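Colleague: Okay, here's the structure, questions in a sec.
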Amino acid sequence: MGNKEGERRSLKGNFCPECKRGRIVVDPKSREKYCGVCGVVVNELPIDLGPEWRAYDSEQASKRVRVGLPMTYRMHDKGLGTAPPPFNRGKPKRWQTNVATSKEKTLAFALGEIDRMGSALKLPIDIREEASLLYRKAMKKGLTKGRSIEALAAAILYIVCQKYGVPRSWKEILEKSSAPSHKLVKKAERLLKRKLDIKILPASPVDFVPRFCSLLYLSGETRSRAITIIKRAEENELNNGRNPIGTAGAAIYIAAILEEEWRNEQDVADVAGVTVVTIRNRYKEIAEGLGIDIRGDFYSSIKRDRRSRGGYFGCNY
């Protein structure tokens with residue numbers, strides 16, 4: 001009886017119940033309690049109610065925590081679950097899982113259209129988020145009433161792509177859009193820029209070069225050469241008033257010939273979304289303005305290639 005009372009007193013005084021001399025120490029990692037003198041374990045393997053992961057700062061903890069989906073503007077309810085409705089005569093109603101009002105239905109359809117087009121155009125998530133936020137701003141100002149949702153979605157994606165340096169041509173946007181008319185899309189684009197006071201600088205031809213070269217399977221040297229040609233053309237004011245997409249395609253065509261990675265005009269035109277005549281006229285203007293002998297380089301490179309292969313039909317050139 002006396003021993004039990006002494007044990008209780010030692011535990012209350014945070015002393016070891018075995019040797020009665022050492023104090024109880026708590027391991028910060030395993031949370032085990034043991035005596036600091038004799039080493040006896042008083043309480044082992046406690047239940048850990050915390051997460052199974054570790055974080056060393058608040059940013060890392062916010063990324064690893066799993067308490068639901070993050071908030072997103074790409075969903076009409078921002079990805080947050082709805083609260084349960086109030087009780088009615090002692091019986092709970094069903095959870096509100098569907099969109100209730102017509103305004104929310106329109107918003108859900110518009111955001112779905114933006115996300116569909118962004119996915120088809122292979123746009124990053126942050127661009128789609130920004131486009132969804134811009135549509136919400138337009139809706140608050142009453143710019144969406146009486147207008148085609150598909151046209152507004154396409155116009156907003158075009159504006160956001162221009163604003164954040166991920167340019168897409170009108171042809172690419174209109175191909176993925178389900179708007180009833182292409183004129184409505186361009187009209188919506190002008191309206192949004194005017195009413196929302198959006199000022200965007202014209203796209204640079206350099207912005208289109210990496211994507212076009214990737215689609216044409218060209219090397220990094222050809223890409224660098226095309227960017228250099230565009231910068232030289234800008235210094236000589238050869239790009240003033242010209243379509244940046246056509247300029248980018250023409251510079252890539254010239255660079256491919258100079259780097260002996262030939263691509264015909266039709267291939268470049270298909271990737272750029274312009275006509276063959278545009279590519280031909282622009283590369284002739286640039287080559288003449290910069291003093292590049294593109295025909296000489298083209299034919300001499302063809303002859304070198306044929307010599308390396310032994311010529312056609314066994315003939316040497």
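Identifiers in the structure tokens: chain A, B, ... in order shown; residue index from 1 per chain; ligand index from 1 in order shown.
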Residues within 8 Å of region 131-137 of chain A, please, as number ranges by chain. Count only C-alpha atoms; anything in the same chain fewer than 5 positions from it doesn't count.

Modeller: A: 73-74, 111, 114, 153, 156-157, 160

Colleague: Can you list, as a VMD selection string, every protein, DNA or RNA residue that comes within 7 Å of Val25 (chain A) when you count only C-alpha atoms, leaving out same-chain residues fewer than 5 positions away?

Modeller: chain A and resid 33 to 36

Colleague: Using only C-alpha atoms, find each residue of region 171-190 of chain A with at least one atom at most 12 Å away from an atom of region 267-287 of chain A; report its shortest atom-to-atom pair and that distance in Å (one decimal), sort the rows by chain and rising residue number, and return the result as a tab-separated table.

Modeller:
residue	atom	partner	partner_atom	distance
A:Lys171	CA	A:Gly273	CA	6.5
A:Glu172	CA	A:Gly273	CA	7.7
A:Ile173	CA	A:Gly273	CA	11.1
A:Leu174	CA	A:Gly273	CA	11.5
A:Glu175	CA	A:Gly273	CA	10.8

Colleague: Could you please take those selected residues and save C-alpha atoms as a PDB file, in the first residue's frame?

Modeller:
ATOM      1  CA  LYS A 171      -6.210  31.036 -86.229  1.00  0.00           C
ATOM      2  CA  GLU A 172      -5.298  28.743 -83.308  1.00  0.00           C
ATOM      3  CA  ILE A 173      -7.833  30.392 -81.015  1.00  0.00           C
ATOM      4  CA  LEU A 174     -10.655  30.294 -83.564  1.00  0.00           C
ATOM      5  CA  GLU A 175      -9.972  26.656 -84.480  1.00  0.00           C
TER       6      GLU A 175
END

Colleague: Hey, can you check how far CA of Lys163 (chain A) sits from CA of Met139 (chain A)?

Modeller: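 CA of Met139 (chain A) lies at a distance of 19.7 Å from CA of Lys163 (chain A).
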